[in-house]
Amino acid sequence: MGAAEPFETSVRMLQLAQDLFPLNRSITGAGLRQTLSILGQSVPIRIHEVASGTKVFDWVVPDEWAIRAASVRTSSGVKIVDIEDSNLHVVGYSTPIDRRMSLAQLRPHLHSDPARPKHIPYRTSYYTRNWGFCLRHEDLTGLPEGEYDVLIDSELFPGSLTVGEVVIPGDRDDEIVFFTHSCHPSLANDNVAGIVVCTELARWLLSTRRKYTYRVVFGPGTIGSLSWLWLNKGKLDKIRFGLTVVLAGIRSDLIYKQSRMEKSELDRIASAVVQREFSGKVIPFSAWGYDERQFNSPGFAVPFGRLSRATEEGYPQYHSSADNLSLLDGDALSASLDACMRIVDLIEANGVYLNTEPYGEPQLGKRGLYSGSGGAPSQDIQKACLWLLSYGDGHYDIAEIYRLSGLPLSAVLLARTKLLDAGLLKEHASVR
Amino acid sequence: MGAAEPFETSVRMLQLAQDLFPLNRSITGAGLRQTLSILGQSVPIRIHEVASGTKVFDWVVPDEWAIRAASVRTSSGVKIVDIEDSNLHVVGYSTPIDRRMSLAQLRPHLHSDPARPKHIPYRTSYYTRNWGFCLRHEDLTGLPEGEYDVLIDSELFPGSLTVGEVVIPGDRDDEIVFFTHSCHPSLANDNVAGIVVCTELARWLLSTRRKYTYRVVFGPGTIGSLSWLWLNKGKLDKIRFGLTVVLAGIRSDLIYKQSRMEKSELDRIASAVVQREFSGKVIPFSAWGYDERQFNSPGFAVPFGRLSRATEEGYPQYHSSADNLSLLDGDALSASLDACMRIVDLIEANGVYLNTEPYGEPQLGKRGLYSGSGGAPSQDIQKACLWLLSYGDGHYDIAEIYRLSGLPLSAVLLARTKLLDAGLLKEHASVR
Amino acid sequence: MGAAEPFETSVRMLQLAQDLFPLNRSITGAGLRQTLSILGQSVPIRIHEVASGTKVFDWVVPDEWAIRAASVRTSSGVKIVDIEDSNLHVVGYSTPIDRRMSLAQLRPHLHSDPARPKHIPYRTSYYTRNWGFCLRHEDLTGLPEGEYDVLIDSELFPGSLTVGEVVIPGDRDDEIVFFTHSCHPSLANDNVAGIVVCTELARWLLSTRRKYTYRVVFGPGTIGSLSWLWLNKGKLDKIRFGLTVVLAGIRSDLIYKQSRMEKSELDRIASAVVQREFSGKVIPFSAWGYDERQFNSPGFAVPFGRLSRATEEGYPQYHSSADNLSLLDGDALSASLDACMRIVDLIEANGVYLNTEPYGEPQLGKRGLYSGSGGAPSQDIQKACLWLLSYGDGHYDIAEIYRLSGLPLSAVLLARTKLLDAGLLKEHASVR
């Protein structure tokens with residue numbers, strides 16, 4: 001299975017987060033491409049470009065957005081806001097402008113959050129052409145009447161939308177997908193945390209030969225997952241299921257959001273791992289949320305869960321300048337990664353196995369599997385053997401036996417190996 | 001949908017309750033006919049008479065009962081009880097008597113409730129010929145020895161049992177039935193409250209064209225619902241389901257009692273509406289209770305729920321003179337009516353709908369359904385759109401999506417209309 | 001049904017416990033045979049001997065063990081431990097030894113329990129040849145250095161393993177099995193309590209003619225139930241289900257452990273009886289536990305529950321000299337027996353019955369089943385009649401109606417009889 005070395009990986013994830021945080025990501029453009037390029041230094045990433053104007057299902061890939069400068073200054077030249085100070089100051093996808101105007105004219109283009117007056121909110125206007133600035137509410141309320149010089153040196157032009165993916169081929173061509181959005185500028189938990197956890201996950205997946213093929217995908221929210229689905233539309237039947245990994249870096253309960261299919265193999269696996277190994281929570285599917293919505297939609301119907309550290313209600317710093325690097329916690333990132341790894345372990349081991357000595361309990365002692373004897377396995381492993389044998393009637397998979405037994409995942413997985421080695425279990429069928 | 005104007009309807013219901021309360025209803029006779037005749041001033045009521053002696057399933061319609069006077073007086077003429085003071089003083093269906101007798105002879109015919117000594121209990125003897133009086137326990141215990149003049153000027157004769165119903169035809173001939181018993185004399189919550197709520201409900205149902213045909217039935221308990229079922233026995237397969245509405249007028253939790261079928265469409269609809277919109281409770285079916293028992297019986301097997309403000313355990317004033325008009329609460333009556341209306345709204349809107357753009361999430365913005373844009377719907381309606389689209393795969397009806405989403409019923413119903421108008425949903429099949 | 005006379009049976013069970021406690025039972029040998037012989041004085045017990053070396057499924061019946069003497073003495077003859085003081089002092093199946101040795105040589109063969117220093121632990125070594133002594137931890141820690149005279153006068157020889165059973169033939173040859181292990185020496189709750197409850201149960205089962213055939217089996221743990229299964233392997237398809245009855249004598253919640261099949265008829269019956277009639281608990285199946293494991297194994301797949309007064313976690317005195325006769329409680333033994341009897345009552349009465357007057361509620365009054373009338377049944381029995389009629393549609397068995405109704409088992413069983421007598425119910429099918 002291979003456990004992560006917690007300290008090393010958490011340092012590496014925090015370092016990568018620091019590198020990625022300053023970039024001005026959006027759903028297209030330079031910031032997004034730089035991000036994927038940095039990831040490419042750690043893992044072999046494939047880049048896909050989808051041209052502006054491409055119809056992807058009910059959507060159209062928008063023009064590419066470039067931003068060079070953006071500021072508001074008083075007529076006497078005093079800086080009010082400048083993108084140099086924070087990428088959040090300019091509304092994403094703002095159209096260009098260079099004009100002096102009154103506060104009254106400017107005011108409808110200024111956005112603040114009265115509930116969090118000390119922080120810059122995060123705003124975008126992808127599909128409606130507009131321009132605007134975001135600033136602290138306490139700064140907004142202090143603005144004097146007068147004339148302001150407003151500059152946004154931006155460009156919207158036919159270009160392309162970029163999606164990156166790391167493909168880890170396995171023995172089978174059935175695929176498991178991990179998706180994280182990668183379109184948020186200078187926000188730490190949402191979404192630098194998801195990017196760094198997925199990068200480390202890809203690195204770990206590459207380290208061993210596996211049964212299934214894995215794809216770890218980095219794309220813009222909504223239009224990015226739709227574009228990836230569109231690029232792969234001929235082979236979606238290969239996908240068994242997948243997970244979005246987002247908002248994974250804060251000290252807060254680990255949460256598994258179920259897929260729309262709720263009792264799918266994935267849901268049984270991820271729910272049990274998150275609850276039992278990480279004291280986390282499981283929440284039902286909601287049609288509101290992140291890119292899991294796209295995969296779960298009726299047309300694709302790919303069971304897609306979500307691993308995160310927040311519900312649909314968000315968290316106090318959500319979509320504001322308070323969501324910065326100081327919020328990220330190395331232990332939280334490590335445990336999020338670890339949860340992904342344990343879920344993969346159970347996905348790989350899962351299946352229905354038959355007890356080959358089904359008449360009563362096989363004598364474990366004569367096979368060195370009884371905890372009474374010297375060099376024998378722990379009580380937990382011995383108990384796990386009994387559970388796997390007792391439920392080895394063709395109706396239960398490992399995930400279900402793990403859930404029912406209440407035993408640690410490691411004991412169940414080790415017992416499975418020992419029983420296979422001892423010839424007491426044999427594979428019956430895999431579960432879809 | 002059309003909401004009730006709470007104040008106006010609650011005043012009207014309380015006024016009707018006042019008119020109905022004094023009548024001496026029983027399972028047959030003048031009081032029952034007068035009651036239906038008063039309802040006929042508000043709604044077009046059809047009257048059915050079923051002759052005494054008619055065999056209805058395992059029962060026989062009893063003789064009609066008329067009561068003109070009833071009293072007990074001391075031999076010196078002092079009044080002990082008199083039906084003039086309360087209809088409850090005489091046991092329902094008492095046979096005639098006119099005789100002087102000792103207290104010892106009279107005693108077995110006097111009924112009181114030691115647990116509620118200040119109130120007259122309510123007693124009947126429909127199917128065993130007998131006579132008797134009900135009085136306050138504190139009055140009973142004070143009776144001196146001596147002779148008493150006992151008079152019951154009643155008559156039992158071949159007549160008929162009366163059932164009233166308001167039929168509101170809809171586009172389809174599938175029917176929804178509301179039933180309330182109408183055989184209790186001078187008891188307010190049980191059962192004047194049910195009668196007035198059902199009358200207002202019928203008035204509201206008549207106000208709009210609907211998909212289903214509705215029948216609001218007023219009949220005596222047990223023998224009345226059985227008689228109605230017997231009258232309609234050739235067309236019971238038209239009934240989708242129904243509800244008894246009883247004990248609906250006191251300040252107490254609104255309660256939905258499930259049908260014997262438990263997961264029927266009706267049960268899913270009514271449970272969700274009562275819990276989510278009225279903070280009410282849902283209790284399982286019980287073979288004990290009101291006329292829902294008859295509809296749910298194995299031979300008819302019509303899913304029949306119950307809306308009330310009491311469980312099978314009753315309430316403190318149950319079946320006593322304490323259940324008088326002072327107990328009725330206008331807000332409680334209004335909310336009970338409102339619950340019936342919201343249940344009807346969801347029955348009418350319910351069905352399985354298919355998402356016509358099922359590959360990912362349709363772009364709501366370009367259709368004016370995204371709450372970011374001006375003039376767009378509320379967050380709740382936008383979320384309801386996402387829920388309806390996400391679950392628009394042919395396996396979920398509106399009632400189930402409403403339950404899963406946790407959103408207000410009004411948002412879900414409005415989103416359904418908007419999505420149908422936008423062509424994003426189309427009807428797949430109705431649910432039985 | 002026939003209720004036990006609590007006092008008489010509890011005295012008889014405590015007396016039998018006193019007779020059985022001193023015997024040195026093991027999985028073979030004289031103590032086990034003496035135990036069955038004593039039971040034979042109360043009930044007609046059949047004895048089966050299975051020869052050492054017999055292969056039973058994955059196991060082999062071990063040699064028989066005889067023990068005549070066992071002690072450790074200092075070189076000056078001071079007694080340290082002697083089997084005369086407690087059967088627990090010698091490890092079960094100890095090989096013979098007669099030798100002087102140093103404390104260092106002896107030490108690995110001495111077992112104590114530091115967590116319970118005042119009690120002798122119980123140890124065995126059935127399938128690994130070894131010898132040893134068990135003693136109080138406080139005695140062990142006080143042993144001086146020096147030479148010790150160690151004597152175990154035991155013998156391991158080809159003999160046989162003994163299983164006893166009481167067979168109570170019924171009208172059908174479908175069988176219900178009760179199993180209790182009978183291999184523990186001088187331990188009271190585990191397992192004298194199970195033996196005495198099963199003996200009384202067998203006596204009660206013999207007292208009346210019944211629908212099913214019952215077998216009450218007394219055998220050594222694991223190898224004993226496997227041997228019985230092996231002896232009966234040609235006719236296991238006759239067994240509907242069964243129960244182990246163990247650890248039944250202490251003041252502690254009565255616990256029903258579900259079979260591996262969880263929703264089997266047995267599980268529904270026993271869960272409801274234990275929870276509703278005895279305020280007991282129901283725990284899920286676990287692959288860890290007593291002989292229920294063997295019956296539930298995939299090859300046999302006989303639904304086998306367990307009735308006990310402890311979970312898999314045991315109880316404070318478990319497997320130590322503290323589990324002695326002072327722990328047994330007459331009321332606990334009586335209630336355990338009573339639970340077995342009530343479970344049998346419901347097994348016998350269970351089945352699916354059809355309401356013969358299914359159109360509405362039959363008129364109970366005219367059949368003397370209405371609690372209003374004189375000489376009529378109690379409210380509970382009347383309600384039970386309504387439940388049985390309401391659910392008499394061919395989809396519910398008595399066990400399920402009992403569970404749903406919340407009424408006492410006695411009322412439900414009596415109502416069933418009354419309705420069968422009145423012709424209102426007729427048998428539809430039995431449930432497997």
# chains A, B, ... in the order shown; residues from 1 in each chain; ligands from 1
$ residues_around --residues "range 234-242 of chain A" --least-positions-apart "4" --cutoff "8 Å" --atoms "only C-alpha atoms" --output "PDB file with all heavy atoms, in the first residue's frame"
ATOM      1  N   ASP A 173      -8.180  -1.057 -18.052  1.00  0.00           N
ATOM      2  CA  ASP A 173      -8.447   0.292 -18.558  1.00  0.00           C
ATOM      3  C   ASP A 173      -9.684   0.917 -17.941  1.00  0.00           C
ATOM      4  O   ASP A 173     -10.060   2.022 -18.301  1.00  0.00           O
ATOM      5  CB  ASP A 173      -8.438   0.338 -20.093  1.00  0.00           C
ATOM      6  CG  ASP A 173      -9.438  -0.610 -20.703  1.00  0.00           C
ATOM      7  OD1 ASP A 173     -10.158  -1.273 -19.929  1.00  0.00           O
ATOM      8  OD2 ASP A 173      -9.504  -0.680 -21.944  1.00  0.00           O
ATOM      9  N   ASP A 174     -10.312   0.287 -16.973  1.00  0.00           N
ATOM     10  CA  ASP A 174     -11.327   0.981 -16.161  1.00  0.00           C
ATOM     11  C   ASP A 174     -10.625   2.132 -15.458  1.00  0.00           C
ATOM     12  O   ASP A 174      -9.516   1.946 -14.951  1.00  0.00           O
ATOM     13  CB  ASP A 174     -11.862   0.137 -15.001  1.00  0.00           C
ATOM     14  CG  ASP A 174     -12.485  -1.163 -15.380  1.00  0.00           C
ATOM     15  OD1 ASP A 174     -11.986  -1.811 -16.312  1.00  0.00           O
ATOM     16  OD2 ASP A 174     -13.442  -1.554 -14.699  1.00  0.00           O
ATOM     17  N   GLU A 175     -11.290   3.256 -15.386  1.00  0.00           N
ATOM     18  CA  GLU A 175     -10.627   4.437 -14.836  1.00  0.00           C
ATOM     19  C   GLU A 175     -11.309   4.981 -13.583  1.00  0.00           C
ATOM     20  O   GLU A 175     -12.518   4.905 -13.442  1.00  0.00           O
ATOM     21  CB  GLU A 175     -10.633   5.555 -15.876  1.00  0.00           C
ATOM     22  CG  GLU A 175      -9.782   5.219 -17.089  1.00  0.00           C
ATOM     23  CD  GLU A 175      -9.854   6.312 -18.141  1.00  0.00           C
ATOM     24  OE1 GLU A 175     -10.594   7.288 -17.934  1.00  0.00           O
ATOM     25  OE2 GLU A 175      -9.164   6.178 -19.155  1.00  0.00           O
ATOM     26  N   ILE A 176     -10.457   5.562 -12.747  1.00  0.00           N
ATOM     27  CA  ILE A 176     -10.921   6.327 -11.588  1.00  0.00           C
ATOM     28  C   ILE A 176     -10.415   7.752 -11.815  1.00  0.00           C
ATOM     29  O   ILE A 176      -9.244   7.944 -12.130  1.00  0.00           O
ATOM     30  CB  ILE A 176     -10.315   5.796 -10.267  1.00  0.00           C
ATOM     31  CG1 ILE A 176     -10.308   4.260 -10.215  1.00  0.00           C
ATOM     32  CG2 ILE A 176     -10.976   6.436  -9.063  1.00  0.00           C
ATOM     33  CD1 ILE A 176     -11.627   3.593 -10.086  1.00  0.00           C
ATOM     34  N   VAL A 177     -11.296   8.738 -11.651  1.00  0.00           N
ATOM     35  CA  VAL A 177     -10.930  10.128 -11.924  1.00  0.00           C
ATOM     36  C   VAL A 177     -10.903  10.944 -10.629  1.00  0.00           C
ATOM     37  O   VAL A 177     -11.815  10.826  -9.803  1.00  0.00           O
ATOM     38  CB  VAL A 177     -11.941  10.770 -12.904  1.00  0.00           C
ATOM     39  CG1 VAL A 177     -11.634  12.251 -13.110  1.00  0.00           C
ATOM     40  CG2 VAL A 177     -11.940  10.028 -14.241  1.00  0.00           C
ATOM     41  N   PHE A 178      -9.846  11.725 -10.456  1.00  0.00           N
ATOM     42  CA  PHE A 178      -9.834  12.757  -9.417  1.00  0.00           C
ATOM     43  C   PHE A 178      -9.830  14.098 -10.130  1.00  0.00           C
ATOM     44  O   PHE A 178      -9.059  14.289 -11.072  1.00  0.00           O
ATOM     45  CB  PHE A 178      -8.585  12.639  -8.530  1.00  0.00           C
ATOM     46  CG  PHE A 178      -8.624  11.484  -7.581  1.00  0.00           C
ATOM     47  CD1 PHE A 178      -8.190  10.222  -7.974  1.00  0.00           C
ATOM     48  CD2 PHE A 178      -9.117  11.653  -6.291  1.00  0.00           C
ATOM     49  CE1 PHE A 178      -8.243   9.151  -7.086  1.00  0.00           C
ATOM     50  CE2 PHE A 178      -9.173  10.583  -5.405  1.00  0.00           C
ATOM     51  CZ  PHE A 178      -8.738   9.323  -5.800  1.00  0.00           C
ATOM     52  N   PHE A 179     -10.693  14.998  -9.712  1.00  0.00           N
ATOM     53  CA  PHE A 179     -10.787  16.305 -10.363  1.00  0.00           C
ATOM     54  C   PHE A 179     -10.663  17.402  -9.317  1.00  0.00           C
ATOM     55  O   PHE A 179     -11.289  17.332  -8.251  1.00  0.00           O
ATOM     56  CB  PHE A 179     -12.141  16.449 -11.078  1.00  0.00           C
ATOM     57  CG  PHE A 179     -12.247  17.725 -11.888  1.00  0.00           C
ATOM     58  CD1 PHE A 179     -11.939  17.737 -13.248  1.00  0.00           C
ATOM     59  CD2 PHE A 179     -12.631  18.926 -11.287  1.00  0.00           C
ATOM     60  CE1 PHE A 179     -12.015  18.922 -13.995  1.00  0.00           C
ATOM     61  CE2 PHE A 179     -12.700  20.108 -12.023  1.00  0.00           C
ATOM     62  CZ  PHE A 179     -12.392  20.099 -13.377  1.00  0.00           C
ATOM     63  N   LEU A 229     -14.958  16.470 -20.046  1.00  0.00           N
ATOM     64  CA  LEU A 229     -15.967  15.442 -20.380  1.00  0.00           C
ATOM     65  C   LEU A 229     -16.209  15.423 -21.886  1.00  0.00           C
ATOM     66  O   LEU A 229     -16.369  14.367 -22.505  1.00  0.00           O
ATOM     67  CB  LEU A 229     -17.284  15.726 -19.629  1.00  0.00           C
ATOM     68  CG  LEU A 229     -17.262  15.332 -18.141  1.00  0.00           C
ATOM     69  CD1 LEU A 229     -18.350  16.071 -17.354  1.00  0.00           C
ATOM     70  CD2 LEU A 229     -17.432  13.818 -17.992  1.00  0.00           C
ATOM     71  N   LEU A 266     -18.187   3.394  -4.868  1.00  0.00           N
ATOM     72  CA  LEU A 266     -17.399   4.534  -4.402  1.00  0.00           C
ATOM     73  C   LEU A 266     -17.940   5.078  -3.086  1.00  0.00           C
ATOM     74  O   LEU A 266     -17.179   5.355  -2.154  1.00  0.00           O
ATOM     75  CB  LEU A 266     -17.439   5.658  -5.443  1.00  0.00           C
ATOM     76  CG  LEU A 266     -16.920   7.007  -4.921  1.00  0.00           C
ATOM     77  CD1 LEU A 266     -15.421   6.962  -4.708  1.00  0.00           C
ATOM     78  CD2 LEU A 266     -17.321   8.138  -5.843  1.00  0.00           C
ATOM     79  N   PHE A 300     -24.360  11.888 -18.014  1.00  0.00           N
ATOM     80  CA  PHE A 300     -23.119  11.142 -17.786  1.00  0.00           C
ATOM     81  C   PHE A 300     -23.322  10.064 -16.728  1.00  0.00           C
ATOM     82  O   PHE A 300     -22.865   8.938 -16.875  1.00  0.00           O
ATOM     83  CB  PHE A 300     -21.990  12.089 -17.359  1.00  0.00           C
ATOM     84  CG  PHE A 300     -21.733  13.192 -18.338  1.00  0.00           C
ATOM     85  CD1 PHE A 300     -21.727  14.523 -17.933  1.00  0.00           C
ATOM     86  CD2 PHE A 300     -21.520  12.913 -19.691  1.00  0.00           C
ATOM     87  CE1 PHE A 300     -21.501  15.547 -18.838  1.00  0.00           C
ATOM     88  CE2 PHE A 300     -21.289  13.933 -20.608  1.00  0.00           C
ATOM     89  CZ  PHE A 300     -21.290  15.259 -20.177  1.00  0.00           C
ATOM     90  N   VAL A 302     -21.957   9.431 -13.973  1.00  0.00           N
ATOM     91  CA  VAL A 302     -20.768   8.834 -13.367  1.00  0.00           C
ATOM     92  C   VAL A 302     -20.832   9.128 -11.866  1.00  0.00           C
ATOM     93  O   VAL A 302     -20.877  10.291 -11.476  1.00  0.00           O
ATOM     94  CB  VAL A 302     -19.472   9.451 -13.949  1.00  0.00           C
ATOM     95  CG1 VAL A 302     -18.256   8.909 -13.208  1.00  0.00           C
ATOM     96  CG2 VAL A 302     -19.368   9.203 -15.435  1.00  0.00           C
ATOM     97  N   PRO A 303     -20.838   8.102 -11.029  1.00  0.00           N
ATOM     98  CA  PRO A 303     -20.870   8.374  -9.583  1.00  0.00           C
ATOM     99  C   PRO A 303     -19.644   9.196  -9.193  1.00  0.00           C
ATOM    100  O   PRO A 303     -18.516   8.753  -9.404  1.00  0.00           O
ATOM    101  CB  PRO A 303     -20.832   6.981  -8.940  1.00  0.00           C
ATOM    102  CG  PRO A 303     -21.284   6.035  -9.993  1.00  0.00           C
ATOM    103  CD  PRO A 303     -20.814   6.635 -11.295  1.00  0.00           C
ATOM    104  N   PHE A 304     -19.870  10.379  -8.672  1.00  0.00           N
ATOM    105  CA  PHE A 304     -18.761  11.280  -8.358  1.00  0.00           C
ATOM    106  C   PHE A 304     -18.984  11.857  -6.966  1.00  0.00           C
ATOM    107  O   PHE A 304     -19.958  12.564  -6.722  1.00  0.00           O
ATOM    108  CB  PHE A 304     -18.690  12.402  -9.404  1.00  0.00           C
ATOM    109  CG  PHE A 304     -17.308  12.624  -9.945  1.00  0.00           C
ATOM    110  CD1 PHE A 304     -16.809  11.788 -10.950  1.00  0.00           C
ATOM    111  CD2 PHE A 304     -16.492  13.637  -9.460  1.00  0.00           C
ATOM    112  CE1 PHE A 304     -15.517  11.970 -11.453  1.00  0.00           C
ATOM    113  CE2 PHE A 304     -15.196  13.828  -9.955  1.00  0.00           C
ATOM    114  CZ  PHE A 304     -14.709  12.990 -10.953  1.00  0.00           C
ATOM    115  N   GLY A 305     -18.106  11.525  -6.055  1.00  0.00           N
ATOM    116  CA  GLY A 305     -18.187  12.061  -4.708  1.00  0.00           C
ATOM    117  C   GLY A 305     -17.291  13.274  -4.555  1.00  0.00           C
ATOM    118  O   GLY A 305     -16.698  13.754  -5.527  1.00  0.00           O
ATOM    119  N   ARG A 432     -19.348  -3.621  -9.802  1.00  0.00           N
ATOM    120  CA  ARG A 432     -19.463  -2.319 -10.481  1.00  0.00           C
ATOM    121  C   ARG A 432     -20.530  -1.497  -9.787  1.00  0.00           C
ATOM    122  O   ARG A 432     -21.630  -1.954  -9.590  1.00  0.00           O
ATOM    123  CB  ARG A 432     -19.837  -2.517 -11.949  1.00  0.00           C
ATOM    124  CG  ARG A 432     -20.235  -1.228 -12.666  1.00  0.00           C
ATOM    125  CD  ARG A 432     -19.201  -0.742 -13.637  1.00  0.00           C
ATOM    126  NE  ARG A 432     -19.260   0.704 -13.779  1.00  0.00           N
ATOM    127  CZ  ARG A 432     -18.573   1.383 -14.687  1.00  0.00           C
ATOM    128  NH1 ARG A 432     -17.752   0.772 -15.503  1.00  0.00           N
ATOM    129  NH2 ARG A 432     -18.641   2.689 -14.741  1.00  0.00           N
TER     130      ARG A 432
END
$ residues_around --residues "Ile250 in chain C" --least-positions-apart "6" --cutoff "6 Å" --atoms "only C-alpha atoms" --output "PDB file with N, CA and C atoms, in the first residue's frame"
ATOM      1  N   LEU C 328     -24.293 -16.205  39.726  1.00  0.00           N
ATOM      2  CA  LEU C 328     -25.569 -16.576  39.092  1.00  0.00           C
ATOM      3  C   LEU C 328     -26.757 -15.983  39.843  1.00  0.00           C
ATOM      4  N   ASP C 329     -27.724 -15.517  39.051  1.00  0.00           N
ATOM      5  CA  ASP C 329     -28.903 -14.869  39.604  1.00  0.00           C
ATOM      6  C   ASP C 329     -30.149 -15.611  39.118  1.00  0.00           C
ATOM      7  N   ALA C 332     -32.333 -13.776  36.667  1.00  0.00           N
ATOM      8  CA  ALA C 332     -31.719 -13.658  35.338  1.00  0.00           C
ATOM      9  C   ALA C 332     -31.867 -14.979  34.583  1.00  0.00           C
TER      10      ALA C 332
END
$ atom_distance --atom1 "CA of Gln275 in chain B" --atom2 "CA of Tyr256 in chain B"
8.6 Å
$ interface_residues --of "chain A" --to "chain B" --cutoff "6 Å" --atoms "only C-alpha atoms" --output "list in words"
Asp58, Ala287, Gln294, Ser297, Pro298 and Gly299 of chain A
$ residues_around --residues "range 12-18 of chain B" --least-positions-apart "2" --cutoff "9 Å" --atoms "only C-alpha atoms" --output "list in words"
Phe7, Glu8, Thr9, Ser10, Leu20, Phe21, Pro22, Ile38, Leu39, Ala188, Val192, Ala193, Ile195, Val196, Val197, Thr199, Glu200, Leu325, Leu328, Asp329, Gly330, Leu333 and Ser334 of chain B
$ atom_distance --atom1 "CA of Leu103 in chain C" --atom2 "CA of Glu147 in chain C"
6.3 Å
$ closest_residue --among "B:Asp380, B:Glu427, B:Asp149, B:Asp82" --to "Phe133 in chain B" --atoms "only C-alpha atoms"
B:Asp82
$ closest_residue --among "C:Pro284, C:Gly314, C:Gly53, C:Gly368" --to "Leu161 in chain C" --atoms "only C-alpha atoms"
C:Gly53
$ residues_around --residues "Asp171 in chain A" --least-positions-apart "5" --cutoff "7 Å" --atoms "only C-alpha atoms" --output "NGL selection string"
:A and (210-212)
$ write_last_selection --atoms "N, CA and C atoms" --output "PDB file, in the first residue's frame"
ATOM      1  N   ARG A 210      -0.795  -0.536 -10.405  1.00  0.00           N
ATOM      2  CA  ARG A 210      -2.132  -0.669  -9.826  1.00  0.00           C
ATOM      3  C   ARG A 210      -3.085  -1.387 -10.767  1.00  0.00           C
ATOM      4  N   LYS A 211      -4.206  -1.809 -10.212  1.00  0.00           N
ATOM      5  CA  LYS A 211      -5.217  -2.526 -10.982  1.00  0.00           C
ATOM      6  C   LYS A 211      -5.922  -1.585 -11.949  1.00  0.00           C
ATOM      7  N   TYR A 212      -6.348  -0.426 -11.445  1.00  0.00           N
ATOM      8  CA  TYR A 212      -7.119   0.506 -12.272  1.00  0.00           C
ATOM      9  C   TYR A 212      -6.232   1.603 -12.842  1.00  0.00           C
TER      10      TYR A 212
END
$ atom_distance --atom1 "CA of Ser94 in chain A" --atom2 "CA of Asp153 in chain A"
9.2 Å
$ select_by_dssp --residues "range 202-297 of chain C" --states "helix (DSSP H, G or I)" --output "PyMOL selection string"
chain C and resi 202-205+223-231+233-238+265-278+292-296
